[in-house]
>>> print(open('work.txt').read())   # compact mmCIF, C-alpha atoms and all ligand atoms
# COMPACT_ATOMS: atom_id res chain seq x y z
CA MET Y 1 -10.59 -1.77 28.13
CA PRO Y 2 -12.81 -0.12 25.46
CA GLU Y 3 -14.93 -2.49 23.41
CA LYS Y 4 -14.08 -3.03 19.77
CA PHE Y 5 -16.63 -1.72 17.30
CA ILE Y 6 -16.80 -3.76 14.13
CA PRO Y 7 -19.62 -2.80 11.76
CA ILE Y 8 -21.07 -5.79 9.99
CA ALA Y 9 -22.69 -4.06 7.04
CA ASP Y 10 -20.71 -2.87 4.06
CA ILE Y 11 -21.54 -0.25 1.47
CA ARG Y 12 -19.76 0.64 -1.74
CA TYR Y 13 -17.81 3.82 -1.61
CA ALA Y 14 -19.08 7.12 -2.89
CA SER Y 15 -17.55 8.49 -6.05
CA ARG Y 16 -18.14 11.22 -8.55
CA VAL Y 17 -17.50 11.40 -12.26
CA PRO Y 18 -14.61 13.82 -12.72
CA HIS Y 19 -14.93 17.14 -14.48
CA VAL Y 20 -13.26 17.15 -17.90
CA PRO Y 21 -11.90 20.67 -18.46
CA ALA Y 22 -12.84 22.36 -21.75
CA HIS Y 23 -9.32 23.70 -22.17
CA ILE Y 24 -6.69 20.98 -21.79
CA PRO Y 25 -3.12 22.14 -21.23
CA THR Y 26 -0.33 19.98 -22.71
CA PRO Y 27 0.86 17.75 -19.85
CA THR Y 28 4.27 18.82 -18.56
CA GLY Y 29 4.68 16.22 -15.81
CA LEU Y 30 4.99 19.12 -13.39
CA LEU Y 31 1.57 19.12 -11.72
CA ALA Y 32 1.38 20.39 -8.16
CA ASP Y 33 -1.52 20.13 -5.72
CA THR Y 34 -2.75 22.98 -3.49
CA LEU Y 35 0.11 22.26 -1.05
CA GLY Y 36 2.75 22.21 -3.81
CA ARG Y 37 3.12 18.41 -3.83
CA PRO Y 38 3.97 16.77 -7.18
CA LEU Y 39 2.28 13.61 -8.53
CA ARG Y 40 4.94 10.88 -8.70
CA ASP Y 41 3.63 7.60 -7.31
CA LEU Y 42 0.59 5.63 -8.46
CA ARG Y 43 -0.61 2.60 -6.50
CA ILE Y 44 -2.89 0.36 -8.47
CA SER Y 45 -5.12 -2.17 -6.79
CA VAL Y 46 -5.62 -5.10 -9.17
CA THR Y 47 -8.05 -7.04 -6.98
CA ASP Y 48 -10.04 -6.41 -3.81
CA ARG Y 49 -9.81 -10.11 -2.90
CA CYS Y 50 -7.28 -11.75 -0.63
CA ASN Y 51 -6.51 -15.23 0.63
CA PHE Y 52 -5.46 -13.84 4.06
CA ARG Y 53 -7.68 -12.25 6.69
CA CYS Y 54 -5.19 -10.05 8.56
CA SER Y 55 -7.19 -8.63 11.45
CA TYR Y 56 -5.86 -5.10 10.88
CA CYS Y 57 -6.96 -5.11 7.22
CA MET Y 58 -9.68 -7.64 6.36
CA PRO Y 59 -11.11 -8.93 9.65
CA ARG Y 60 -12.97 -12.15 8.94
CA GLU Y 61 -16.04 -10.98 10.86
CA VAL Y 62 -16.57 -8.49 8.02
CA PHE Y 63 -14.85 -10.11 5.03
CA ASP Y 64 -16.72 -13.38 5.38
CA LYS Y 65 -18.33 -15.71 2.85
CA ASP Y 66 -21.23 -13.28 2.38
CA TYR Y 67 -19.01 -10.26 1.71
CA ALA Y 68 -19.79 -8.72 -1.68
CA PHE Y 69 -16.44 -8.44 -3.45
CA LEU Y 70 -16.43 -6.60 -6.76
CA PRO Y 71 -17.88 -8.56 -9.67
CA GLN Y 72 -15.56 -9.35 -12.58
CA THR Y 73 -17.33 -6.86 -14.88
CA SER Y 74 -16.53 -4.00 -12.52
CA LEU Y 75 -12.78 -4.52 -12.66
CA LEU Y 76 -10.61 -2.45 -14.92
CA SER Y 77 -9.20 -4.61 -17.71
CA PHE Y 78 -5.42 -4.73 -18.20
CA GLU Y 79 -5.84 -2.52 -21.30
CA GLU Y 80 -7.72 0.04 -19.21
CA ILE Y 81 -5.13 -0.04 -16.43
CA ALA Y 82 -2.27 0.35 -18.91
CA ARG Y 83 -4.05 3.24 -20.63
CA LEU Y 84 -4.52 5.02 -17.31
CA ALA Y 85 -0.90 4.28 -16.38
CA ARG Y 86 0.27 6.00 -19.57
CA ILE Y 87 -1.94 8.99 -18.81
CA PHE Y 88 -0.63 9.26 -15.26
CA VAL Y 89 2.96 8.92 -16.41
CA ALA Y 90 2.44 11.78 -18.87
CA ASN Y 91 1.30 13.77 -15.85
CA GLY Y 92 4.40 13.08 -13.75
CA VAL Y 93 4.13 9.57 -12.30
CA GLU Y 94 7.51 7.78 -12.16
CA LYS Y 95 6.67 4.80 -9.99
CA ILE Y 96 3.85 2.27 -10.08
CA ARG Y 97 3.11 -0.15 -7.28
CA LEU Y 98 0.71 -3.02 -7.90
CA THR Y 99 -1.25 -3.95 -4.84
CA GLY Y 100 -4.65 -5.10 -3.63
CA GLY Y 101 -6.10 -7.20 -1.91
CA GLU Y 102 -3.55 -9.78 -2.84
CA PRO Y 103 -2.26 -8.77 -6.30
CA LEU Y 104 -0.93 -12.23 -7.15
CA LEU Y 105 -4.51 -13.54 -7.07
CA ARG Y 106 -5.28 -11.54 -10.23
CA LYS Y 107 -5.08 -13.96 -13.15
CA ASN Y 108 -2.32 -13.40 -15.72
CA LEU Y 109 -0.89 -10.43 -13.83
CA GLU Y 110 2.31 -10.92 -15.81
CA VAL Y 111 0.47 -9.71 -18.91
CA LEU Y 112 -0.27 -6.39 -17.20
CA ILE Y 113 3.33 -6.10 -16.00
CA GLU Y 114 4.56 -6.62 -19.56
CA MET Y 115 2.31 -3.79 -20.72
CA LEU Y 116 3.48 -1.45 -17.94
CA ALA Y 117 7.14 -2.30 -18.51
CA LYS Y 118 6.92 -0.75 -21.99
CA ILE Y 119 6.07 2.70 -20.57
CA THR Y 120 8.79 5.31 -20.13
CA THR Y 121 8.61 8.40 -17.93
CA THR Y 122 8.51 11.98 -19.23
CA SER Y 123 12.29 12.13 -18.77
CA GLY Y 124 12.73 8.98 -20.87
CA GLN Y 125 13.56 6.69 -17.93
CA PRO Y 126 11.97 3.24 -17.54
CA LEU Y 127 9.00 3.27 -15.19
CA ASP Y 128 9.79 1.94 -11.72
CA ILE Y 129 7.40 -1.03 -11.28
CA THR Y 130 7.01 -2.82 -8.00
CA LEU Y 131 4.46 -4.99 -6.21
CA THR Y 132 3.36 -5.54 -2.62
CA THR Y 133 2.38 -9.10 -1.74
CA ASN Y 134 1.73 -11.42 1.16
CA ALA Y 135 4.07 -13.82 -0.70
CA SER Y 136 1.73 -16.81 -0.46
CA LEU Y 137 2.10 -17.33 -4.23
CA LEU Y 138 5.50 -15.74 -4.68
CA ALA Y 139 7.63 -18.89 -4.72
CA LYS Y 140 5.58 -20.10 -7.69
CA LYS Y 141 5.43 -16.79 -9.54
CA ALA Y 142 8.73 -15.00 -8.86
CA GLN Y 143 10.39 -16.07 -12.12
CA SER Y 144 7.45 -15.22 -14.39
CA LEU Y 145 7.01 -11.84 -12.67
CA LYS Y 146 10.68 -11.04 -13.19
CA ASP Y 147 10.52 -12.19 -16.83
CA ALA Y 148 7.51 -9.93 -17.40
CA GLY Y 149 9.51 -6.88 -16.28
CA LEU Y 150 8.74 -6.49 -12.58
CA GLN Y 151 11.73 -4.90 -10.85
CA ARG Y 152 11.20 -5.45 -7.13
CA VAL Y 153 8.79 -6.79 -4.56
CA THR Y 154 7.75 -5.74 -1.09
CA VAL Y 155 6.63 -8.64 1.08
CA SER Y 156 4.39 -8.32 4.12
CA LEU Y 157 5.38 -10.51 7.06
CA ASP Y 158 4.29 -9.78 10.62
CA GLY Y 159 6.53 -12.13 12.58
CA LEU Y 160 8.66 -15.25 12.54
CA ASP Y 161 6.87 -17.10 15.31
CA ASP Y 162 4.56 -19.43 13.44
CA ALA Y 163 1.74 -19.28 15.99
CA VAL Y 164 1.78 -15.47 16.06
CA PHE Y 165 1.88 -15.21 12.26
CA ARG Y 166 -0.86 -17.80 11.69
CA ARG Y 167 -3.06 -15.92 14.17
CA MET Y 168 -2.43 -12.59 12.46
CA ASN Y 169 -3.13 -13.80 8.92
CA ASP Y 170 -6.11 -15.70 10.37
CA VAL Y 171 -6.02 -18.38 7.66
CA ASP Y 172 -3.36 -20.51 9.35
CA PHE Y 173 -0.73 -19.67 6.74
CA PRO Y 174 2.80 -20.73 7.81
CA VAL Y 175 5.83 -18.44 8.05
CA ALA Y 176 7.98 -20.99 6.21
CA ASP Y 177 6.06 -20.52 2.94
CA VAL Y 178 6.47 -16.74 3.06
CA LEU Y 179 10.21 -17.20 3.62
CA LYS Y 180 10.32 -19.51 0.60
CA GLY Y 181 8.65 -16.75 -1.45
CA ILE Y 182 11.25 -14.23 -0.28
CA GLU Y 183 14.08 -16.63 -1.16
CA ALA Y 184 12.63 -17.20 -4.64
CA ALA Y 185 12.34 -13.45 -5.20
CA GLN Y 186 15.96 -13.02 -4.15
CA ARG Y 187 17.07 -15.83 -6.42
CA VAL Y 188 15.46 -14.35 -9.53
CA GLY Y 189 16.61 -10.80 -8.73
CA LEU Y 190 13.38 -9.06 -7.69
CA THR Y 191 15.62 -6.95 -5.51
CA PRO Y 192 16.21 -5.02 -3.32
CA ILE Y 193 13.42 -6.75 -1.41
CA LYS Y 194 11.61 -4.92 1.34
CA VAL Y 195 9.73 -6.73 4.08
CA ASN Y 196 6.95 -4.82 5.84
CA MET Y 197 5.90 -5.76 9.35
CA VAL Y 198 2.82 -4.09 10.80
CA VAL Y 199 3.43 -3.82 14.53
CA LYS Y 200 0.47 -4.23 16.88
CA ARG Y 201 1.35 -3.69 20.52
CA GLY Y 202 0.51 -6.78 22.53
CA THR Y 203 0.04 -8.93 19.41
CA ASN Y 204 3.38 -9.15 17.59
CA ASP Y 205 5.70 -6.58 19.14
CA ALA Y 206 7.75 -9.43 20.65
CA GLU Y 207 8.66 -10.28 17.03
CA ILE Y 208 10.56 -7.03 16.41
CA LEU Y 209 13.97 -8.28 17.52
CA PRO Y 210 13.67 -11.80 16.02
CA MET Y 211 12.70 -10.22 12.67
CA ALA Y 212 15.67 -7.84 12.85
CA ARG Y 213 18.04 -10.71 13.68
CA HIS Y 214 16.68 -12.79 10.80
CA PHE Y 215 16.88 -10.13 8.06
CA ARG Y 216 20.17 -8.48 9.09
CA ASN Y 217 22.96 -9.25 6.65
CA SER Y 218 20.51 -10.68 4.10
CA GLY Y 219 20.18 -7.70 1.75
CA VAL Y 220 16.47 -7.49 2.66
CA VAL Y 221 15.34 -4.14 4.08
CA LEU Y 222 12.98 -4.72 6.99
CA ARG Y 223 10.49 -1.95 7.73
CA PHE Y 224 8.27 -1.65 10.77
CA ILE Y 225 4.89 -0.02 10.09
CA GLU Y 226 2.76 1.59 12.75
CA TYR Y 227 -0.68 0.02 12.89
CA MET Y 228 -2.94 2.55 11.17
CA ASP Y 229 -6.57 3.56 11.53
CA VAL Y 230 -7.32 2.89 7.86
CA GLY Y 231 -10.79 1.81 6.82
CA ALA Y 232 -13.73 1.36 9.12
CA THR Y 233 -13.62 -2.30 10.05
CA ASN Y 234 -10.39 -3.13 11.89
CA GLY Y 235 -11.46 -1.82 15.33
CA TRP Y 236 -8.31 0.33 15.51
CA ARG Y 237 -7.25 1.62 18.92
CA MET Y 238 -4.40 3.99 19.71
CA ASP Y 239 -3.25 1.80 22.59
CA GLU Y 240 -2.40 -0.96 20.09
CA VAL Y 241 -0.02 1.33 18.19
CA LEU Y 242 3.62 0.94 19.14
CA PRO Y 243 5.27 4.25 18.20
CA SER Y 244 8.22 3.84 15.83
CA ALA Y 245 10.45 5.67 18.30
CA GLN Y 246 9.94 2.72 20.67
CA VAL Y 247 10.67 0.24 17.87
CA ILE Y 248 14.00 1.98 17.30
CA GLU Y 249 14.71 1.99 21.05
CA ARG Y 250 14.10 -1.76 21.22
CA LEU Y 251 16.34 -2.40 18.21
CA GLN Y 252 19.08 -0.26 19.75
CA THR Y 253 19.15 -2.49 22.85
CA GLU Y 254 20.76 -5.13 20.66
CA PHE Y 255 21.99 -3.38 17.53
CA PRO Y 256 23.43 0.17 17.50
CA LEU Y 257 21.80 2.09 14.62
CA LEU Y 258 22.76 5.14 12.60
CA ALA Y 259 20.26 7.39 10.80
CA VAL Y 260 20.39 7.39 6.98
CA ASN Y 261 19.25 10.26 4.74
CA PRO Y 262 16.09 9.68 2.67
CA ASN Y 263 16.57 8.35 -0.87
CA TYR Y 264 14.12 10.88 -2.30
CA ALA Y 265 11.54 13.47 -1.22
CA GLY Y 266 8.29 11.82 -0.23
CA GLU Y 267 9.87 8.57 0.99
CA THR Y 268 7.52 7.11 3.59
CA ALA Y 269 10.10 5.20 5.64
CA GLU Y 270 12.64 6.77 7.97
CA ARG Y 271 15.83 4.90 7.25
CA TRP Y 272 18.44 3.51 9.66
CA ARG Y 273 21.46 1.28 9.20
CA TYR Y 274 23.16 -1.16 11.53
CA ALA Y 275 26.37 0.44 12.79
CA ASP Y 276 28.25 -2.83 12.25
CA GLY Y 277 27.40 -2.91 8.52
CA GLY Y 278 24.55 -5.46 8.82
CA GLY Y 279 22.35 -3.53 6.36
CA GLU Y 280 19.36 -1.26 6.62
CA VAL Y 281 16.06 -1.10 8.54
CA GLY Y 282 13.25 1.43 8.38
CA VAL Y 283 10.21 2.62 10.26
CA ILE Y 284 6.99 3.99 8.78
CA SER Y 285 5.43 6.25 11.37
CA SER Y 286 2.09 6.94 9.75
CA VAL Y 287 0.44 7.60 13.11
CA THR Y 288 3.06 9.32 15.27
CA HIS Y 289 4.95 11.26 12.61
CA ALA Y 290 2.72 12.38 9.76
CA PHE Y 291 4.45 12.74 6.41
CA CYS Y 292 1.65 14.38 4.42
CA GLY Y 293 3.89 17.33 3.55
CA ASP Y 294 5.72 15.23 0.96
CA CYS Y 295 2.88 12.89 -0.04
CA ASN Y 296 3.09 12.43 -3.80
CA ARG Y 297 0.89 9.30 -4.00
CA ALA Y 298 -2.38 8.62 -5.79
CA ARG Y 299 -4.32 5.37 -5.54
CA LEU Y 300 -6.44 3.67 -8.14
CA SER Y 301 -9.02 1.17 -6.93
CA THR Y 302 -9.72 -2.13 -8.66
CA GLU Y 303 -12.72 -0.69 -10.43
CA GLY Y 304 -11.03 2.51 -11.49
CA LYS Y 305 -11.78 5.03 -8.79
CA LEU Y 306 -9.03 7.47 -7.99
CA PHE Y 307 -8.32 8.23 -4.33
CA LEU Y 308 -5.84 10.90 -3.34
CA CYS Y 309 -5.41 9.83 0.27
CA LEU Y 310 -5.40 6.53 2.11
CA PHE Y 311 -8.02 8.00 4.43
CA ALA Y 312 -10.38 9.36 1.78
CA SER Y 313 -14.04 8.47 1.75
CA GLN Y 314 -14.75 9.49 -1.82
CA GLY Y 315 -13.09 8.59 -5.10
CA GLN Y 316 -13.21 9.95 -8.64
CA ASP Y 317 -14.67 7.54 -11.14
CA LEU Y 318 -12.05 7.36 -13.89
CA ARG Y 319 -13.63 4.18 -15.28
CA ALA Y 320 -16.64 6.27 -16.32
CA LEU Y 321 -14.28 8.36 -18.46
CA LEU Y 322 -12.42 5.32 -19.81
CA ARG Y 323 -15.66 3.70 -20.88
CA GLY Y 324 -17.08 7.00 -22.15
CA ASP Y 325 -16.13 8.82 -25.28
CA PHE Y 326 -13.06 10.62 -23.98
CA SER Y 327 -9.57 10.90 -25.42
CA ASP Y 328 -6.38 10.28 -23.44
CA ALA Y 329 -5.79 14.04 -23.44
CA GLN Y 330 -9.22 14.68 -21.95
CA ILE Y 331 -8.78 12.04 -19.24
CA GLY Y 332 -5.31 13.46 -18.54
CA GLY Y 333 -6.87 16.91 -18.25
CA ALA Y 334 -9.37 15.56 -15.71
CA VAL Y 335 -6.57 13.86 -13.71
CA GLY Y 336 -4.56 17.09 -13.75
CA HIS Y 337 -7.55 19.06 -12.53
CA ILE Y 338 -8.18 16.54 -9.71
CA TRP Y 339 -4.55 16.62 -8.59
CA GLN Y 340 -4.33 20.39 -8.70
CA SER Y 341 -7.39 20.62 -6.44
CA ARG Y 342 -5.99 18.16 -3.89
CA THR Y 343 -5.90 19.30 -0.26
CA ASP Y 344 -5.60 15.95 1.63
CA ARG Y 345 -3.42 15.76 4.74
CA TYR Y 346 -5.32 13.44 7.02
CA SER Y 347 -2.44 12.23 9.21
CA GLU Y 348 -1.26 15.76 9.91
CA MET Y 349 -4.78 16.73 10.92
CA ARG Y 350 -5.08 13.71 13.20
CA ALA Y 351 -1.73 14.52 14.81
CA ALA Y 352 -3.14 17.87 15.88
CA LEU Y 353 -5.99 16.16 17.80
CA PRO Y 354 -6.00 14.25 21.10
CA ALA Y 355 -4.41 10.79 20.76
CA ASP Y 356 -7.66 8.84 20.61
CA ALA Y 357 -9.59 11.16 18.28
CA SER Y 358 -10.03 10.98 14.52
CA PRO Y 359 -10.45 14.08 12.36
CA ALA Y 360 -14.09 14.78 11.54
CA ASP Y 361 -14.90 12.90 8.39
CA THR Y 362 -17.66 13.29 5.88
CA GLY Y 363 -18.16 9.65 5.01
CA ARG Y 364 -17.09 6.09 5.57
CA ARG Y 365 -13.38 5.66 4.98
CA VAL Y 366 -12.27 3.40 2.21
CA GLU Y 367 -10.81 -0.01 3.14
CA MET Y 368 -7.10 -0.65 2.55
CA SER Y 369 -7.85 -3.95 0.79
CA TYR Y 370 -9.92 -1.96 -1.73
CA ILE Y 371 -7.42 0.74 -2.66
CA GLY Y 372 -4.24 -1.02 -1.63
CA GLY Y 373 -1.44 0.06 0.71
N1 LIG Y 401 -1.93 -8.19 0.24
C1 LIG Y 401 -0.71 -7.48 -0.01
C2 LIG Y 401 0.15 -7.45 1.22
O1 LIG Y 401 -0.37 -7.68 2.34
O2 LIG Y 401 1.33 -7.16 1.09
C3 LIG Y 401 -0.90 -6.09 -0.56
C4 LIG Y 401 -2.03 -5.26 -0.03
S1 LIG Y 401 -1.91 -4.79 1.68
C5 LIG Y 401 -3.38 -3.84 1.87
C6 LIG Y 401 -0.61 -3.58 1.60
C7 LIG Y 401 0.08 -3.26 2.89
O3 LIG Y 401 -0.83 -2.63 3.77
C8 LIG Y 401 0.62 -4.46 3.65
O4 LIG Y 401 2.00 -4.30 3.89
C9 LIG Y 401 -0.14 -4.43 4.95
O5 LIG Y 401 0.60 -4.93 6.00
C10 LIG Y 401 -0.49 -2.97 5.09
N2 LIG Y 401 -1.63 -2.71 5.96
C11 LIG Y 401 -2.89 -3.17 5.84
N3 LIG Y 401 -3.66 -2.71 6.86
C12 LIG Y 401 -2.86 -1.95 7.64
C13 LIG Y 401 -3.06 -1.20 8.83
N4 LIG Y 401 -4.24 -1.16 9.45
N5 LIG Y 401 -2.01 -0.52 9.35
C14 LIG Y 401 -0.81 -0.55 8.72
N6 LIG Y 401 -0.55 -1.23 7.59
C15 LIG Y 401 -1.57 -1.93 7.07
FE1 LIG Y 402 -4.65 -9.45 2.54
FE2 LIG Y 402 -2.60 -7.83 2.49
FE3 LIG Y 402 -4.82 -7.11 3.76
FE4 LIG Y 402 -3.34 -9.04 4.80
S1 LIG Y 402 -2.73 -6.91 4.51
S2 LIG Y 402 -5.57 -9.09 4.51
S3 LIG Y 402 -2.53 -10.02 3.00
S4 LIG Y 402 -4.62 -7.43 1.60
FE1 LIG Y 403 -0.72 11.05 2.03
FE2 LIG Y 403 -3.16 10.99 3.12
FE3 LIG Y 403 -1.19 9.51 4.16
FE4 LIG Y 403 -1.16 12.18 4.45
S1 LIG Y 403 -2.66 10.77 5.30
S2 LIG Y 403 0.58 10.87 3.87
S3 LIG Y 403 -2.04 12.82 2.47
S4 LIG Y 403 -2.09 9.27 2.10
>>> encode(input="work.txt", output="structure tokens")
Amino acid sequence: MPEKFIPIADIRYASRVPHVPAHIPTPTGLLADTLGRPLRDLRISVTDRCNFRCSYCMPREVFDKDYAFLPQTSLLSFEEIARLARIFVANGVEKIRLTGGEPLLRKNLEVLIEMLAKITTTSGQPLDITLTTNASLLAKKAQSLKDAGLQRVTVSLDGLDDAVFRRMNDVDFPVADVLKGIEAAQRVGLTPIKVNMVVKRGTNDAEILPMARHFRNSGVVLRFIEYMDVGATNGWRMDEVLPSAQVIERLQTEFPLLAVNPNYAGETAERWRYADGGGEVGVISSVTHAFCGDCNRARLSTEGKLFLCLFASQGQDLRALLRGDFSDAQIGGAVGHIWQSRTDRYSEMRAALPADASPADTGRRVEMSYIGG
């Protein structure tokens, strides 16, 4: 078996200050990148900290007590995040996902949600605002999040077996408390709730069927995510990926499934429904079935760097523009220019290589806990 390689040193990620074009076109919300992909989805990381140490995301060997998380002064303020959100929405964004790290660790997050909830899209629709969480604080916060204007939540849960789950989160956090968070979210109407399970072959793949049994007929949409080679610290190996096709095969041994059409272009999950009417499940095949062709997502790090791909090694420092003497129109012009120059399609490139290879990269890939999922 190949040895795991886990680097122990960390460096901050490279970034450049974006070019502000001299001539700024009026934003139309119809930007397209070099592959014709529109900008629709903005994922905002509100903290790089987390109270879990999931081995596939923040292995404790690296994210230990000496790890240098971002200092408070580096973080974008809520006013800065809301200003950028308005600029992105003017340029086509219709959906914002708050993430992290663990977003519910950011103090007074409800205040940010209230600010975002006031924004409308270019077509006059309310902005779609959602949040991805490990649910450790959800039971306590569900009501205030809903009151602030949050519409839905996605909860991460990697199994129902307590020993397996405690091992995966690596902080001994019990399944029961996550389930309480999900129930609270359902009670206050943060719905439809999605539950994401990252599947690692040999670690939690025995949890696929129990998870399906548990969430069938509950209104919760369970989605199985292929374990991805994000970041540079999780010691990813192809032989720990369980291809989504095999997840579906395993589900079909117990529950006949029917394919469902995507809700919208660029949807990451392939959707299925239980033939007996028990609801919906999905698979996200980031490794075995690249979906770069429709990728309409941009990611904003906690300290205001813009990344156009989950596998990027360099961001664009929008905070430098926010804290400089630039108008919204100028920052919007810079964002438009960045998007129109975008060429990223990492997963497609990887798919064209042998199974255990990674596309040549120019720098250290950004961690998922830093830019969010
Ligand atoms: N802490 C929150 C949570 O876990 O829901 C939000 C941030 S977390 C980075 C966002 C999502 O990324 C989670 O659903 C998590 O399971 C997923 N994720 C993290 N590392 C991953 C990996 N290596 N492969 C696949 N998904 C991963
Ligand atoms: Fe934390 Fe989420 Fe990463 Fe797990 S996946 S370590 S909960 S940020
Ligand atoms: Fe989008 Fe990059 Fe993922 Fe492709 S690899 S789907 S471009 S984030």
>>> residues_near_ligand(input="work.txt", ligand="ligand LIG 403 (chain Y)", cutoff="7 Å", atoms="only C-alpha atoms and all ligand atoms", output="MDAnalysis selection string")
chainID Y and resid 286 290:292 295 297 308:311 344:348
>>> residues_around(input="work.txt", residues="Y:Gly202", least_positions_apart="4", cutoff="10 Å", atoms="only C-alpha atoms", output="PyMOL selection string")
chain Y and resi 206+239-242
>>> write_last_selection(input="work.txt", atoms="C-alpha atoms", output="short mmCIF file (atom, residue, chain, number, x, y, z; two decimals), keeping the file's coordinate frame")
data_model
loop_
_atom_site.label_atom_id
_atom_site.label_comp_id
_atom_site.auth_asym_id
_atom_site.auth_seq_id
_atom_site.Cartn_x
_atom_site.Cartn_y
_atom_site.Cartn_z
CA ALA Y 206 7.75 -9.43 20.65
CA ASP Y 239 -3.25 1.80 22.59
CA GLU Y 240 -2.40 -0.96 20.09
CA VAL Y 241 -0.02 1.33 18.19
CA LEU Y 242 3.62 0.94 19.14
#
>>> closest_atom_pairs(input="work.txt", of="chain Y", to="ligand LIG 401 (chain Y)", cutoff="6 Å", atoms="all atoms listed in the file", output="CSV")
residue,atom,partner,partner_atom,distance
Y:Tyr56,CA,Y:LIG401,N4,4.5
Y:Cys57,CA,Y:LIG401,N3,4.1
Y:Thr99,CA,Y:LIG401,C3,4.8
Y:Gly100,CA,Y:LIG401,C4,4.5
Y:Gly101,CA,Y:LIG401,N1,4.8
Y:Glu102,CA,Y:LIG401,N1,3.8
Y:Thr132,CA,Y:LIG401,O2,4.5
Y:Thr133,CA,Y:LIG401,O2,3.6
Y:Asn134,CA,Y:LIG401,C2,4.3
Y:Val155,CA,Y:LIG401,O2,5.5
Y:Ser156,CA,Y:LIG401,O2,4.5
Y:Asn196,CA,Y:LIG401,O4,5.3
Y:Val198,CA,Y:LIG401,O5,5.4
Y:Ile225,CA,Y:LIG401,C14,5.9
Y:Glu226,CA,Y:LIG401,C14,5.8
Y:Tyr227,CA,Y:LIG401,N5,3.8
Y:Met228,CA,Y:LIG401,N5,3.7
Y:Asp229,CA,Y:LIG401,N4,5.7
Y:Val230,CA,Y:LIG401,N4,5.3
Y:Met368,CA,Y:LIG401,C5,4.9
Y:Ser369,CA,Y:LIG401,C5,4.6
Y:Gly372,CA,Y:LIG401,C5,4.6
Y:Gly373,CA,Y:LIG401,C6,3.8
>>> residues_around(input="work.txt", residues="stretch 37-54 of chain Y", least_positions_apart="5", cutoff="8 Å", atoms="all atoms listed in the file", output="ChimeraX atom specification")
/Y:30-32,59-60,63,69-70,75,88,91-103,105-106,168-171,173,293-302,339,369-373
>>> write_last_selection(input="work.txt", atoms="C-alpha atoms", output="JSON list (two decimals), keeping the file's coordinate frame")
[["chain", "number", "residue", "atom", "x", "y", "z"],
["Y", 30, "LEU", "CA", 4.99, 19.12, -13.39],
["Y", 31, "LEU", "CA", 1.57, 19.12, -11.72],
["Y", 32, "ALA", "CA", 1.38, 20.39, -8.16],
["Y", 59, "PRO", "CA", -11.11, -8.93, 9.65],
["Y", 60, "ARG", "CA", -12.97, -12.15, 8.94],
["Y", 63, "PHE", "CA", -14.85, -10.11, 5.03],
["Y", 69, "PHE", "CA", -16.44, -8.44, -3.45],
["Y", 70, "LEU", "CA", -16.43, -6.60, -6.76],
["Y", 75, "LEU", "CA", -12.78, -4.52, -12.66],
["Y", 88, "PHE", "CA", -0.63, 9.26, -15.26],
["Y", 91, "ASN", "CA", 1.30, 13.77, -15.85],
["Y", 92, "GLY", "CA", 4.40, 13.08, -13.75],
["Y", 93, "VAL", "CA", 4.13, 9.57, -12.30],
["Y", 94, "GLU", "CA", 7.51, 7.78, -12.16],
["Y", 95, "LYS", "CA", 6.67, 4.80, -9.99],
["Y", 96, "ILE", "CA", 3.85, 2.27, -10.08],
["Y", 97, "ARG", "CA", 3.11, -0.15, -7.28],
["Y", 98, "LEU", "CA", 0.71, -3.02, -7.90],
["Y", 99, "THR", "CA", -1.25, -3.95, -4.84],
["Y", 100, "GLY", "CA", -4.65, -5.10, -3.63],
["Y", 101, "GLY", "CA", -6.10, -7.20, -1.91],
["Y", 102, "GLU", "CA", -3.55, -9.78, -2.84],
["Y", 103, "PRO", "CA", -2.26, -8.77, -6.30],
["Y", 105, "LEU", "CA", -4.51, -13.54, -7.07],
["Y", 106, "ARG", "CA", -5.28, -11.54, -10.23],
["Y", 168, "MET", "CA", -2.43, -12.59, 12.46],
["Y", 169, "ASN", "CA", -3.13, -13.80, 8.92],
["Y", 170, "ASP", "CA", -6.11, -15.70, 10.37],
["Y", 171, "VAL", "CA", -6.02, -18.38, 7.66],
["Y", 173, "PHE", "CA", -0.73, -19.67, 6.74],
["Y", 293, "GLY", "CA", 3.89, 17.33, 3.55],
["Y", 294, "ASP", "CA", 5.72, 15.23, 0.96],
["Y", 295, "CYS", "CA", 2.88, 12.89, -0.04],
["Y", 296, "ASN", "CA", 3.09, 12.43, -3.80],
["Y", 297, "ARG", "CA", 0.89, 9.30, -4.00],
["Y", 298, "ALA", "CA", -2.38, 8.62, -5.79],
["Y", 299, "ARG", "CA", -4.32, 5.37, -5.54],
["Y", 300, "LEU", "CA", -6.44, 3.67, -8.14],
["Y", 301, "SER", "CA", -9.02, 1.17, -6.93],
["Y", 302, "THR", "CA", -9.72, -2.13, -8.66],
["Y", 339, "TRP", "CA", -4.55, 16.62, -8.59],
["Y", 369, "SER", "CA", -7.85, -3.95, 0.79],
["Y", 370, "TYR", "CA", -9.92, -1.96, -1.73],
["Y", 371, "ILE", "CA", -7.42, 0.74, -2.66],
["Y", 372, "GLY", "CA", -4.24, -1.02, -1.63],
["Y", 373, "GLY", "CA", -1.44, 0.06, 0.71]]
>>> closest_residue(input="work.txt", among="Y:Glu207, Y:Thr28, Y:Glu303, Y:Ala163", to="Y:Gln316", atoms="all atoms listed in the file")
Y:Glu303
>>> closest_residue(input="work.txt", among="Y:Glu110, Y:Asp128, Y:Glu254, Y:Asp64", to="ligand LIG 402 (chain Y)", atoms="only C-alpha atoms and all ligand atoms")
Y:Asp64
>>> atom_distance(input="work.txt", atom1="atom CA of Y:Thr26", atom2="atom CA of Y:Lys305")
23.4 Å
